[in-house]
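Asker: Sending over model.cif (mmCIF, C-alpha atoms and all ligand atoms).
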```cif
data_data
loop_
_atom_site.label_atom_id
_atom_site.label_comp_id
_atom_site.auth_asym_id
_atom_site.auth_seq_id
_atom_site.Cartn_x
_atom_site.Cartn_y
_atom_site.Cartn_z
CA MET A 1 -27.60 8.09 -75.69
CA LEU A 2 -27.13 6.00 -72.57
CA GLU A 3 -26.81 9.24 -70.62
CA GLY A 4 -30.13 10.47 -72.05
CA THR A 5 -31.92 7.25 -71.09
CA LEU A 6 -30.40 7.08 -67.61
CA LEU A 7 -31.15 10.65 -66.65
CA SER A 8 -34.56 11.04 -68.30
CA ASP A 9 -36.42 8.86 -65.89
CA THR A 10 -37.02 9.43 -62.15
CA ASN A 11 -36.86 5.70 -61.58
CA ASN A 12 -33.38 5.67 -63.01
CA PHE A 13 -32.33 8.43 -60.63
CA ARG A 14 -33.66 6.24 -57.83
CA ARG A 15 -31.64 3.30 -59.09
CA ILE A 16 -28.51 5.41 -59.28
CA LEU A 17 -28.97 6.63 -55.70
CA LEU A 18 -29.70 3.09 -54.53
CA SER A 19 -26.45 1.81 -56.05
CA ILE A 20 -24.10 4.54 -54.78
CA ALA A 21 -21.35 3.12 -52.56
CA ASP A 22 -21.91 5.77 -49.86
CA GLY A 23 -24.90 5.67 -47.55
CA VAL A 24 -27.55 8.08 -48.89
CA TYR A 25 -30.86 8.68 -47.15
CA MET A 26 -33.53 11.36 -47.33
CA THR A 27 -36.08 12.52 -44.83
CA ASP A 28 -39.08 14.80 -44.84
CA ARG A 29 -39.07 17.99 -42.75
CA ASN A 30 -39.78 16.00 -39.59
CA ARG A 31 -36.82 13.70 -40.17
CA ARG A 32 -39.06 10.82 -41.23
CA ILE A 33 -37.06 8.58 -43.58
CA ILE A 34 -38.38 8.53 -47.16
CA PHE A 35 -35.37 7.04 -48.95
CA TRP A 36 -32.67 4.62 -47.73
CA ASN A 37 -30.12 3.15 -50.14
CA ARG A 38 -28.27 -0.17 -50.08
CA ALA A 39 -25.07 1.24 -48.63
CA CYS A 40 -27.15 2.57 -45.70
CA GLU A 41 -28.36 -0.99 -45.16
CA GLU A 42 -24.81 -2.36 -45.25
CA ILE A 43 -23.31 0.27 -42.98
CA THR A 44 -26.08 0.37 -40.35
CA GLY A 45 -27.52 -3.13 -40.61
CA PHE A 46 -31.05 -1.67 -40.89
CA SER A 47 -33.02 -2.58 -44.03
CA ALA A 48 -34.96 -0.03 -46.09
CA GLU A 49 -38.10 -1.99 -45.28
CA TYR A 50 -37.53 -1.39 -41.57
CA THR A 51 -36.42 2.23 -41.73
CA LEU A 52 -38.82 3.82 -44.25
CA GLY A 53 -41.43 5.78 -42.35
CA HIS A 54 -39.42 5.81 -39.12
CA LYS A 55 -37.71 8.96 -37.87
CA CYS A 56 -33.95 8.74 -38.26
CA SER A 57 -33.72 9.55 -34.55
CA ASP A 58 -35.70 6.36 -33.70
CA ASN A 59 -32.67 4.27 -32.69
CA ILE A 60 -31.65 3.88 -36.29
CA LEU A 61 -28.57 6.01 -36.84
CA ASN A 62 -27.56 6.31 -33.19
CA HIS A 63 -25.02 9.02 -33.94
CA VAL A 64 -23.03 9.94 -30.84
CA ASP A 65 -20.11 12.30 -30.33
CA ALA A 66 -16.74 11.04 -29.07
CA ASN A 67 -17.90 11.32 -25.45
CA GLY A 68 -20.91 9.13 -26.16
CA ASN A 69 -23.43 11.99 -26.06
CA PRO A 70 -26.34 11.23 -28.40
CA LEU A 71 -26.65 13.61 -31.34
CA CYS A 72 -29.86 12.28 -32.86
CA GLU A 73 -32.47 13.23 -30.30
CA ASN A 74 -31.55 16.84 -29.88
CA ASP A 75 -30.57 19.98 -31.73
CA LEU A 76 -27.04 18.69 -32.27
CA CYS A 77 -28.25 16.44 -35.10
CA PRO A 78 -26.38 17.70 -38.20
CA LEU A 79 -29.36 16.98 -40.47
CA HIS A 80 -31.75 18.86 -38.18
CA GLN A 81 -29.33 21.81 -37.98
CA CYS A 82 -29.01 22.12 -41.75
CA MET A 83 -32.80 21.96 -42.21
CA VAL A 84 -33.26 24.73 -39.64
CA LYS A 85 -30.57 26.87 -41.33
CA GLY A 86 -31.82 26.01 -44.81
CA ALA A 87 -28.21 25.52 -45.90
CA PRO A 88 -25.85 22.56 -46.31
CA GLY A 89 -23.46 21.68 -43.47
CA ASP A 90 -20.18 23.61 -43.75
CA LYS A 91 -18.09 20.46 -44.16
CA PRO A 92 -18.28 16.71 -43.49
CA VAL A 93 -18.31 15.79 -39.80
CA LEU A 94 -17.07 12.61 -38.14
CA VAL A 95 -19.53 10.88 -35.83
CA ARG A 96 -19.70 7.52 -34.16
CA ALA A 97 -22.77 5.39 -34.85
CA LYS A 98 -24.11 2.08 -33.60
CA ARG A 99 -25.05 -0.68 -36.01
CA ARG A 100 -28.15 -2.76 -35.57
CA ASP A 101 -26.03 -5.55 -34.01
CA GLY A 102 -24.64 -3.08 -31.46
CA SER A 103 -21.15 -2.83 -33.02
CA ARG A 104 -19.62 0.61 -33.49
CA VAL A 105 -18.86 2.33 -36.75
CA ILE A 106 -17.28 5.72 -37.46
CA VAL A 107 -18.90 7.62 -40.29
CA GLU A 108 -18.14 10.84 -42.11
CA VAL A 109 -21.41 12.66 -42.59
CA SER A 110 -22.40 15.38 -45.09
CA VAL A 111 -25.84 16.94 -44.90
CA ALA A 112 -27.96 19.29 -46.99
CA PRO A 113 -31.56 20.51 -46.92
CA ILE A 114 -33.91 19.65 -49.80
CA ILE A 115 -35.46 22.87 -51.04
CA GLY A 116 -38.93 22.87 -52.63
CA ASP A 117 -40.17 24.90 -55.62
CA ASN A 118 -41.18 27.78 -53.36
CA GLY A 119 -37.80 27.96 -51.70
CA GLU A 120 -38.94 26.31 -48.47
CA VAL A 121 -37.16 23.39 -46.82
CA ILE A 122 -39.14 20.23 -47.55
CA GLY A 123 -36.66 17.68 -46.28
CA GLY A 124 -33.05 16.73 -45.79
CA ILE A 125 -30.45 14.47 -47.35
CA GLU A 126 -27.53 12.85 -45.57
CA VAL A 127 -24.61 11.09 -47.23
CA PHE A 128 -22.33 9.05 -45.01
CA ARG A 129 -19.21 6.96 -45.49
CA ASP A 130 -17.73 4.27 -43.26
CA VAL A 131 -14.28 5.56 -42.20
CA THR A 132 -13.82 3.21 -39.22
CA LEU A 133 -10.63 1.60 -40.52
CA LEU A 134 -9.00 4.88 -41.45
CA GLN A 135 -9.90 6.44 -38.11
CA GLU A 136 -8.63 3.41 -36.18
CA LEU A 137 -5.33 3.60 -38.07
CA LYS A 138 -5.07 7.28 -37.16
CA GLU A 139 -5.76 6.47 -33.52
CA THR A 140 -3.14 3.69 -33.52
CA LYS A 141 -0.58 6.05 -35.04
CA ALA A 142 -1.46 8.69 -32.45
CA SER A 143 -1.08 6.33 -29.50
CA PHE A 144 2.23 5.02 -30.88
CA LEU A 145 3.53 8.60 -31.27
CA SER A 146 2.31 9.47 -27.84
CA ALA A 147 3.99 6.40 -26.22
CA VAL A 148 7.28 6.99 -28.05
CA THR A 149 7.49 10.68 -27.20
CA HIS A 150 6.62 9.94 -23.58
CA ASP A 151 9.28 7.23 -23.28
CA LEU A 152 11.94 9.41 -24.90
CA LYS A 153 11.15 12.40 -22.72
CA ALA A 154 11.89 10.62 -19.43
CA PRO A 155 15.59 9.77 -20.10
CA LEU A 156 16.08 13.13 -21.79
CA THR A 157 14.94 14.91 -18.63
CA VAL A 158 17.49 12.89 -16.62
CA ILE A 159 20.34 13.68 -19.07
CA LYS A 160 19.41 17.37 -19.02
CA GLY A 161 19.28 17.37 -15.21
CA PHE A 162 22.77 15.85 -14.90
CA LEU A 163 24.20 18.22 -17.48
CA GLU A 164 22.82 21.17 -15.54
CA LEU A 165 24.31 19.84 -12.29
CA VAL A 166 27.74 19.35 -13.84
CA LEU A 167 27.55 22.78 -15.48
CA ALA A 168 26.62 24.33 -12.14
CA GLY A 169 29.89 22.92 -10.72
CA ASP A 170 28.27 20.24 -8.51
CA ALA A 171 30.75 17.64 -9.77
CA GLY A 172 33.81 19.85 -9.48
CA SER A 173 35.04 22.94 -11.30
CA LEU A 174 35.13 23.06 -15.10
CA ASN A 175 37.42 24.85 -17.51
CA GLU A 176 35.94 27.04 -20.29
CA THR A 177 36.20 24.35 -23.00
CA GLN A 178 34.36 21.81 -20.82
CA LYS A 179 31.66 24.42 -20.11
CA ASP A 180 31.34 25.12 -23.85
CA PHE A 181 30.96 21.44 -24.74
CA LEU A 182 28.44 20.77 -21.99
CA GLY A 183 26.56 23.97 -22.88
CA SER A 184 26.19 22.73 -26.48
CA ALA A 185 24.98 19.34 -25.24
CA LEU A 186 22.40 21.11 -23.08
CA GLU A 187 21.19 23.18 -26.05
CA GLU A 188 20.73 20.01 -28.09
CA CYS A 189 18.73 18.49 -25.21
CA ASP A 190 16.44 21.52 -25.31
CA ARG A 191 16.06 21.19 -29.06
CA LEU A 192 15.21 17.50 -28.73
CA ASN A 193 12.77 18.33 -25.94
CA LYS A 194 11.01 20.84 -28.18
CA LEU A 195 10.85 18.30 -31.01
CA LEU A 196 9.29 15.73 -28.68
CA GLY A 197 6.88 18.39 -27.42
CA ASP A 198 5.77 19.15 -31.00
CA LEU A 199 5.39 15.45 -31.83
CA SER A 200 3.33 14.85 -28.71
CA ASP A 201 1.15 17.87 -29.63
CA LEU A 202 0.60 16.28 -33.03
CA ALA A 203 -0.27 12.93 -31.42
CA ARG A 204 -2.62 14.65 -28.97
CA PHE A 205 -4.30 16.52 -31.78
CA GLU A 206 -4.78 13.43 -33.96
CA ALA A 207 -6.08 11.37 -31.05
CA THR A 208 -8.65 13.94 -30.03
CA GLU A 209 -9.49 15.40 -33.45
CA PHE A 210 -12.66 13.52 -33.18
CA SER A 211 -13.88 14.64 -29.79
CA PHE A 212 -14.77 18.15 -30.77
CA SER A 213 -17.84 19.48 -29.02
CA PRO A 214 -17.93 23.28 -29.27
CA ARG A 215 -19.06 25.38 -26.33
CA PRO A 216 -19.07 29.14 -25.81
CA VAL A 217 -15.52 30.21 -24.92
CA ASP A 218 -14.36 33.67 -23.90
CA ILE A 219 -11.03 34.10 -25.68
CA VAL A 220 -9.93 37.19 -23.74
CA PRO A 221 -8.80 35.28 -20.59
CA LEU A 222 -6.94 32.87 -22.87
CA LEU A 223 -5.02 35.73 -24.46
CA ARG A 224 -4.20 37.18 -21.02
CA GLN A 225 -3.06 33.75 -19.83
CA ALA A 226 -0.75 33.50 -22.87
CA GLN A 227 0.63 36.95 -22.08
CA HIS A 228 1.56 35.76 -18.56
CA LEU A 229 2.95 32.47 -19.83
CA PHE A 230 5.39 34.18 -22.20
CA ALA A 231 6.21 37.24 -20.08
CA ILE A 232 9.57 35.88 -18.85
CA GLU A 233 10.65 34.60 -22.28
CA ALA A 234 9.83 37.99 -23.84
CA GLU A 235 11.67 39.81 -21.07
CA GLN A 236 14.75 37.62 -21.52
CA LYS A 237 14.86 38.70 -25.17
CA ARG A 238 14.03 42.31 -24.20
CA LEU A 239 10.87 42.23 -26.31
CA GLU A 240 7.85 44.30 -25.42
CA LEU A 241 4.87 41.94 -25.02
CA LYS A 242 1.77 44.15 -25.40
CA VAL A 243 -1.93 43.30 -25.37
CA ASP A 244 -4.95 45.22 -26.55
CA LEU A 245 -8.10 43.38 -25.52
CA PRO A 246 -11.82 44.02 -25.01
CA GLN A 247 -13.67 42.97 -21.83
CA SER A 248 -14.71 39.67 -23.35
CA LEU A 249 -15.16 38.04 -26.73
CA CYS A 250 -17.06 34.83 -27.13
CA VAL A 251 -16.65 32.17 -29.82
CA ALA A 252 -18.01 28.63 -30.09
CA GLY A 253 -15.15 26.22 -29.63
CA ASP A 254 -12.90 24.14 -27.49
CA ARG A 255 -11.07 26.12 -24.81
CA ASP A 256 -7.91 23.96 -24.68
CA ARG A 257 -7.49 23.86 -28.41
CA LEU A 258 -8.01 27.60 -28.79
CA TYR A 259 -5.39 28.14 -26.08
CA GLN A 260 -3.06 25.83 -28.02
CA VAL A 261 -3.56 28.01 -31.12
CA ILE A 262 -2.83 31.22 -29.23
CA THR A 263 0.26 29.89 -27.40
CA ASN A 264 1.64 28.49 -30.63
CA LEU A 265 1.37 31.82 -32.42
CA VAL A 266 2.80 33.79 -29.50
CA SER A 267 5.64 31.31 -29.05
CA ASN A 268 6.54 31.63 -32.76
CA ALA A 269 6.30 35.43 -32.62
CA ILE A 270 8.81 35.51 -29.76
CA LYS A 271 11.00 32.81 -31.31
CA TYR A 272 11.32 34.61 -34.64
CA THR A 273 11.79 38.12 -33.24
CA GLU A 274 15.16 39.40 -32.09
CA LYS A 275 14.18 42.93 -31.16
CA GLY A 276 11.09 45.10 -30.89
CA PHE A 277 7.69 43.84 -29.87
CA VAL A 278 5.05 41.12 -29.90
CA HIS A 279 1.51 42.42 -29.83
CA LEU A 280 -1.66 40.43 -29.06
CA SER A 281 -5.06 41.87 -29.82
CA ALA A 282 -8.68 40.82 -30.25
CA GLU A 283 -11.63 42.68 -31.72
CA VAL A 284 -15.02 42.19 -33.35
CA SER A 285 -15.45 42.59 -37.09
CA GLY A 286 -18.99 41.94 -38.36
CA ASP A 287 -20.00 38.51 -37.06
CA LYS A 288 -16.39 37.42 -36.47
CA ALA A 289 -13.92 37.61 -33.62
CA ILE A 290 -10.48 38.59 -34.91
CA ILE A 291 -7.37 37.59 -32.97
CA SER A 292 -4.10 39.13 -34.15
CA VAL A 293 -0.54 38.29 -33.18
CA ARG A 294 1.93 40.82 -34.59
CA ASP A 295 5.68 40.86 -34.26
CA SER A 296 8.60 42.93 -35.44
CA GLY A 297 10.66 39.85 -36.27
CA ILE A 298 12.37 38.27 -39.26
CA GLY A 299 9.20 38.04 -41.39
CA MET A 300 9.05 35.95 -44.56
CA SER A 301 8.55 36.35 -48.30
CA ARG A 302 5.11 36.16 -49.92
CA GLU A 303 5.88 32.77 -51.52
CA GLU A 304 6.13 31.29 -48.06
CA HIS A 305 2.70 32.50 -46.88
CA GLY A 306 0.80 29.57 -48.37
CA LYS A 307 3.37 26.93 -47.39
CA ILE A 308 4.02 27.55 -43.71
CA PHE A 309 0.76 25.85 -42.70
CA ASP A 310 1.85 22.55 -44.31
CA GLN A 311 3.02 19.83 -41.95
CA PHE A 312 6.84 19.85 -41.40
CA TYR A 313 7.35 22.92 -43.63
CA ARG A 314 9.96 25.41 -42.41
CA VAL A 315 11.16 28.48 -44.24
CA ASP A 316 14.67 27.63 -45.39
CA ASN A 317 16.93 30.55 -44.53
CA PRO A 318 19.78 31.10 -42.06
CA ALA A 319 17.59 33.07 -39.62
CA THR A 320 15.00 30.29 -39.32
CA ARG A 321 17.64 27.54 -39.19
CA LYS A 322 19.35 29.33 -36.32
CA VAL A 323 16.13 29.23 -34.30
CA GLY A 324 15.30 25.55 -34.83
CA GLY A 325 11.89 23.92 -34.95
CA THR A 326 9.91 21.12 -36.55
CA GLY A 327 7.36 22.79 -38.82
CA ILE A 328 4.53 21.09 -36.94
CA GLY A 329 3.07 23.95 -34.88
CA LEU A 330 1.34 25.97 -37.61
CA SER A 331 -0.10 22.87 -39.29
CA ILE A 332 -1.86 22.02 -36.02
CA VAL A 333 -2.94 25.65 -35.61
CA LYS A 334 -4.51 25.57 -39.09
CA LYS A 335 -6.33 22.29 -38.40
CA ILE A 336 -7.74 23.63 -35.15
CA VAL A 337 -8.87 26.88 -36.79
CA ASP A 338 -10.52 24.86 -39.59
CA MET A 339 -12.35 22.74 -37.00
CA HIS A 340 -13.77 25.97 -35.60
CA ASN A 341 -14.95 27.08 -39.05
CA GLY A 342 -12.46 29.89 -38.83
CA GLU A 343 -9.74 31.26 -41.06
CA ILE A 344 -6.08 32.04 -40.51
CA THR A 345 -4.09 34.49 -42.61
CA VAL A 346 -0.56 35.84 -42.52
CA GLN A 347 0.82 39.16 -43.70
CA SER A 348 4.56 39.34 -43.69
CA GLU A 349 7.61 40.67 -45.53
CA PRO A 350 11.22 39.69 -44.91
CA GLY A 351 12.66 41.87 -42.15
CA GLN A 352 9.32 43.65 -41.64
CA GLY A 353 7.73 41.39 -39.03
CA SER A 354 4.59 39.29 -39.36
CA ILE A 355 0.90 39.53 -38.55
CA PHE A 356 -0.98 36.27 -38.00
CA GLN A 357 -4.73 36.83 -37.92
CA ILE A 358 -7.45 34.37 -37.00
CA SER A 359 -11.13 35.00 -37.58
CA LEU A 360 -13.67 32.85 -35.75
CA PRO A 361 -17.47 33.02 -35.82
CA LEU A 362 -18.77 34.94 -32.81
CA CYS A 363 -21.26 33.27 -30.53
CA GLU A 364 -23.68 34.33 -27.84
CA LYS A 365 -22.70 33.80 -24.23
CA GLU A 366 -24.77 31.02 -22.73
CA PRO A 367 -25.85 31.64 -19.15
CA GLY A 368 -23.50 29.47 -17.09
CA GLY A 369 -22.14 27.95 -20.27
CA LEU A 370 -19.08 30.11 -20.69
CA THR A 371 -15.74 28.36 -20.21
P1 LIG A 401 8.51 25.67 -36.31
O1 LIG A 401 8.46 27.03 -35.70
O2 LIG A 401 8.64 24.58 -35.31
O3 LIG A 401 9.51 25.58 -37.42
P2 LIG A 401 5.80 26.17 -37.28
O4 LIG A 401 4.88 25.23 -37.97
O5 LIG A 401 5.33 26.80 -36.03
O6 LIG A 401 7.13 25.36 -37.05
O7 LIG A 401 6.16 27.32 -38.31
C1 LIG A 401 6.50 26.97 -39.66
C2 LIG A 401 7.47 28.00 -40.22
O8 LIG A 401 6.82 29.26 -40.38
C3 LIG A 401 8.64 28.29 -39.31
O9 LIG A 401 9.68 27.35 -39.49
C4 LIG A 401 9.06 29.68 -39.73
O10 LIG A 401 9.88 29.61 -40.87
C5 LIG A 401 7.74 30.32 -40.15
N1 LIG A 401 7.16 31.19 -39.09
C6 LIG A 401 6.20 30.88 -38.21
N2 LIG A 401 5.91 31.91 -37.42
C7 LIG A 401 6.71 32.93 -37.81
C8 LIG A 401 6.88 34.28 -37.38
N3 LIG A 401 6.15 34.81 -36.40
N4 LIG A 401 7.81 35.02 -38.03
C9 LIG A 401 8.54 34.52 -39.05
N5 LIG A 401 8.42 33.24 -39.50
C10 LIG A 401 7.52 32.46 -38.89
#
```
Can you dump the structure from the file as structure tokens?
Answerer:
Amino acid sequence: MLEGTLLSDTNNFRRILLSIADGVYMTDRNRRIIFWNRACEEITGFSAEYTLGHKCSDNILNHVDANGNPLCENDLCPLHQCMVKGAPGDKPVLVRAKRRDGSRVIVEVSVAPIIGDNGEVIGGIEVFRDVTLLQELKETKASFLSAVTHDLKAPLTVIKGFLELVLAGDAGSLNETQKDFLGSALEECDRLNKLLGDLSDLARFEATEFSFSPRPVDIVPLLRQAQHLFAIEAEQKRLELKVDLPQSLCVAGDRDRLYQVITNLVSNAIKYTEKGFVHLSAEVSGDKAIISVRDSGIGMSREEHGKIFDQFYRVDNPATRKVGGTGIGLSIVKKIVDMHNGEITVQSEPGQGSIFQISLPLCEKEPGGLT
């Protein structure tokens, strides 16, 4: 009954939208504001009276990316992009905005076009939520993690250095038992170092999650760079490190983060392979770039496929335990791939090796814009 009354009347729909706790506003095709709810007023400090009829790019939303670059006046505006595409934004995006009083707010923005009876785009709708507190907490956690890992790394490097000197005989000759004990201590230092490295990667990722501004990136040089980086490690384990790459392959993304993804996968492939090969390849499939990292290593059962991308998850078996790790790497890889609107999959069987495959949307090379 109540439902019937509430939903039967356009005015009631208006009231519902006005009362929603998230900011909801609508524009016409030219981004002129035609609806502005109360939460918009609270979050931005601009009243409906002031904003209606203005363009949302007229110093009202003041969305900027993490580097302070304005998003409203140009094609980077999420609302403008979805109206041009005629499709909703892929997922909510985090942007910084400026309130009327000049203070900063971080908002999570979802956008969609409004489609008319004839199928044409007649406007746009944006829903945004104030996530300032949550984001600040994340940033505090990230800087704490970063400070702790940094402060722990320095003494660890000194301990490792002295152990190496003593093991090298610089403090006098050692018997076999002494060498064994010091060798174990050195191995534990390396393990701790790796753990701190993973934690600082996590901190770095969380601190910069926000500052994502995609640019055209050729992934082929990144794959070649990874091949060089791991050449010695592969050789030490007598693994064949092969590549099969085209001239170039361009995706829209962040060069450093994509390199982090590639090095993580290659490092795992080498870590979890005792003999055989690690193979890196890249190819085009439809409108996607496909990066594959194959190995002939220990593999894993199907039940593990969905879990290994969870933070701190490690497959629990003697082979994995022997190698050591934190279960952080693949969770970061997954987050980075998601940020790029890509997908990561794994095919693997115990003892049969693994294939990690990433698909990323292809993009055009921009003259002078390739990184
Ligand atoms: P870590 O290697 O530090 O444990 P990751 O997040 O990188 O953490 O990987 C999570 C788990 O996935 C690993 O512990 C391991 O069990 C499994 N894994 C990852 N890569 C491979 C691989 N190439 N072959 C077999 N198992 C793998």
Asker: Using only C-alpha atoms, which of A:Ile355, A:Ile290, A:Ile308, A:Leu152 sits nearest Leu195 of chain A?
Answerer: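 Checking each candidate against Leu195 of chain A, we get A:Leu152 as the closest.
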Asker: Report as a Markdown table the residues of chain A within 6 Å of ligand LIG 401 (chain A), each with its shortest atom pair and distance in Å (one decimal), using all atoms listed in the file, ordered by chain and increasing residue number.
Answerer:
```
| residue | atom | partner | partner_atom | distance |
| --- | --- | --- | --- | --- |
| A:Asn268 | CA | A:LIG401 | N2 | 4.7 |
| A:Ala269 | CA | A:LIG401 | N3 | 3.8 |
| A:Tyr272 | CA | A:LIG401 | N4 | 4.9 |
| A:Gly297 | CA | A:LIG401 | N4 | 5.9 |
| A:Ile298 | CA | A:LIG401 | C9 | 5.4 |
| A:Gly299 | CA | A:LIG401 | C9 | 4.3 |
| A:Met300 | CA | A:LIG401 | C9 | 5.7 |
| A:Ile308 | CA | A:LIG401 | O8 | 4.7 |
| A:Tyr313 | CA | A:LIG401 | C1 | 5.7 |
| A:Arg314 | CA | A:LIG401 | O9 | 3.5 |
| A:Val315 | CA | A:LIG401 | O10 | 3.8 |
| A:Thr320 | CA | A:LIG401 | O10 | 5.4 |
| A:Gly325 | CA | A:LIG401 | O2 | 3.3 |
| A:Thr326 | CA | A:LIG401 | O2 | 3.9 |
| A:Gly327 | CA | A:LIG401 | O6 | 3.1 |
| A:Ile328 | CA | A:LIG401 | O4 | 4.3 |
| A:Gly329 | CA | A:LIG401 | O4 | 3.8 |
| A:Leu330 | CA | A:LIG401 | O4 | 3.6 |
| A:Ser331 | CA | A:LIG401 | O4 | 5.7 |
| A:Ser354 | CA | A:LIG401 | N4 | 5.5 |
```
Asker: Find the distance between atom CA of Arg99 of chain A and atom CA of His54 of chain A and write it in Å to one decimal.
Answerer: 16.1 Å
Asker: Might you pull out every residue within 8 Å of Leu239 of chain A, with all atoms listed in the file counted and same-chain residues fewer than 6 positions away left off, and present them as a ChimeraX atom specification?
Answerer: /A:270,274-278
Asker: I need the chosen residues saved as a PDB file, in the coordinates of the input, with C-alpha atoms.
Answerer:
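So the final result, stored in selection.pdb, reads:
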```
ATOM      1  CA  ILE A 270       8.810  35.510 -29.760  1.00  0.00           C
ATOM      2  CA  GLU A 274      15.160  39.400 -32.090  1.00  0.00           C
ATOM      3  CA  LYS A 275      14.180  42.930 -31.160  1.00  0.00           C
ATOM      4  CA  GLY A 276      11.090  45.100 -30.890  1.00  0.00           C
ATOM      5  CA  PHE A 277       7.690  43.840 -29.870  1.00  0.00           C
ATOM      6  CA  VAL A 278       5.050  41.120 -29.900  1.00  0.00           C
TER       7      VAL A 278
END
```
Asker: Find the residues around segment 332-344 of chain A up to 6 Å (only C-alpha atoms counted), leave out those fewer than 5 positions away in its own chain, and share them as a list in words.
Answerer: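 In the requested form, the answer reads Val261, Gln357, Ile358, Ser359 and Leu360 of chain A.
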Asker: How many Å separate atom CA of Gln352 of chain A from atom CA of Arg302 of chain A?
Answerer: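 Between these atoms lies a distance of 11.9 Å.
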Asker: Can you work out which one of A:Phe312, A:Tyr50, A:Phe205, A:Tyr259 has the shortest atom-to-atom distance to Glu139 of chain A, counting only C-alpha atoms?
Answerer: A:Phe205
Asker: What's around Glu41 of chain A at 9 Å? Count all atoms listed in the file, leave out sequence neighbours fewer than 6 positions away in its own chain, and write the answer as an MDAnalysis selection string.
Answerer: chainID A and resid 23 47:48
Asker: Give me, please, the distance in Å between atom CA of Ser146 of chain A and atom CA of Glu188 of chain A, quoted to one decimal.
Answerer: 21.2 Å
Asker: Which one is closest to Leu192 of chain A: A:Glu206, A:Val166, A:Lys160, A:Ala97? Count only C-alpha atoms.
Answerer: A:Lys160
Asker: Which residue out of A:Leu163, A:Leu280, A:Val105, A:Val93 has the minimum interatomic distance to Leu61 of chain A when all atoms listed in the file are used?
Answerer: A:Val105
Asker: With 8 Å on each side, where is the centre of the axis-aligned box around all listed atoms of segment 114-125 of chain A, and how long are its edges in Å to one decimal, as lines of an AutoDock Vina configuration file?
Answerer:
```
center_x = -35.8
center_y = 21.2
center_z = -50.7
size_x = 26.7
size_y = 29.5
size_z = 25.8
```
Asker: Using only C-alpha atoms, which protein or nucleic acid residues come within 10 Å of Asp101 of chain A? Drop anything in the same chain fewer than 4 positions from it, and give the result as a ChimeraX atom specification.
Answerer: /A:44-46
Asker: Name all residues at most 9 Å from Leu167 of chain A (count all atoms listed in the file; drop same-chain ones fewer than 6 positions away) and give them as a PyMOL selection string.
Answerer: chain A and resi 173-174+178-179+182-183
Asker: Pick the closest to His80 of chain A from A:Asp28, A:Asp58, A:Glu176, A:Asp130: which is it, counting all atoms listed in the file?
Answerer: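 For His80 of chain A, the nearest of the candidates is A:Asp28.
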Asker: Give the answer as one residue: which of A:His63, A:Arg204, A:Arg191, A:Arg238 has the shortest atom-to-atom distance to Gln260 of chain A, using only C-alpha atoms?
Answerer: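 Closest residue, counting only C-alpha atoms: A:Arg204.
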Asker: Give as a PyMOL selection string every residue, naming chains and numbers as the document does, that has an atom within 10 Å of (-3.0, 34.9, -30.4), counting only C-alpha atoms.
Answerer: chain A and resi 219-220+222-224+226-227+243+258-267+269+279-282+290-294+356-358
Asker: Let me see the file: selected residues, C-alpha atoms, as a PDB file, keeping the file's coordinate frame.
Answerer:
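The new file result.pdb reads:
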```pdb
ATOM      1  CA  ILE A 219     -11.030  34.100 -25.680  1.00  0.00           C
ATOM      2  CA  VAL A 220      -9.930  37.190 -23.740  1.00  0.00           C
ATOM      3  CA  LEU A 222      -6.940  32.870 -22.870  1.00  0.00           C
ATOM      4  CA  LEU A 223      -5.020  35.730 -24.460  1.00  0.00           C
ATOM      5  CA  ARG A 224      -4.200  37.180 -21.020  1.00  0.00           C
ATOM      6  CA  ALA A 226      -0.750  33.500 -22.870  1.00  0.00           C
ATOM      7  CA  GLN A 227       0.630  36.950 -22.080  1.00  0.00           C
ATOM      8  CA  VAL A 243      -1.930  43.300 -25.370  1.00  0.00           C
ATOM      9  CA  LEU A 258      -8.010  27.600 -28.790  1.00  0.00           C
ATOM     10  CA  TYR A 259      -5.390  28.140 -26.080  1.00  0.00           C
ATOM     11  CA  GLN A 260      -3.060  25.830 -28.020  1.00  0.00           C
ATOM     12  CA  VAL A 261      -3.560  28.010 -31.120  1.00  0.00           C
ATOM     13  CA  ILE A 262      -2.830  31.220 -29.230  1.00  0.00           C
ATOM     14  CA  THR A 263       0.260  29.890 -27.400  1.00  0.00           C
ATOM     15  CA  ASN A 264       1.640  28.490 -30.630  1.00  0.00           C
ATOM     16  CA  LEU A 265       1.370  31.820 -32.420  1.00  0.00           C
ATOM     17  CA  VAL A 266       2.800  33.790 -29.500  1.00  0.00           C
ATOM     18  CA  SER A 267       5.640  31.310 -29.050  1.00  0.00           C
ATOM     19  CA  ALA A 269       6.300  35.430 -32.620  1.00  0.00           C
ATOM     20  CA  HIS A 279       1.510  42.420 -29.830  1.00  0.00           C
ATOM     21  CA  LEU A 280      -1.660  40.430 -29.060  1.00  0.00           C
ATOM     22  CA  SER A 281      -5.060  41.870 -29.820  1.00  0.00           C
ATOM     23  CA  ALA A 282      -8.680  40.820 -30.250  1.00  0.00           C
ATOM     24  CA  ILE A 290     -10.480  38.590 -34.910  1.00  0.00           C
ATOM     25  CA  ILE A 291      -7.370  37.590 -32.970  1.00  0.00           C
ATOM     26  CA  SER A 292      -4.100  39.130 -34.150  1.00  0.00           C
ATOM     27  CA  VAL A 293      -0.540  38.290 -33.180  1.00  0.00           C
ATOM     28  CA  ARG A 294       1.930  40.820 -34.590  1.00  0.00           C
ATOM     29  CA  PHE A 356      -0.980  36.270 -38.000  1.00  0.00           C
ATOM     30  CA  GLN A 357      -4.730  36.830 -37.920  1.00  0.00           C
ATOM     31  CA  ILE A 358      -7.450  34.370 -37.000  1.00  0.00           C
TER      32      ILE A 358
END
```
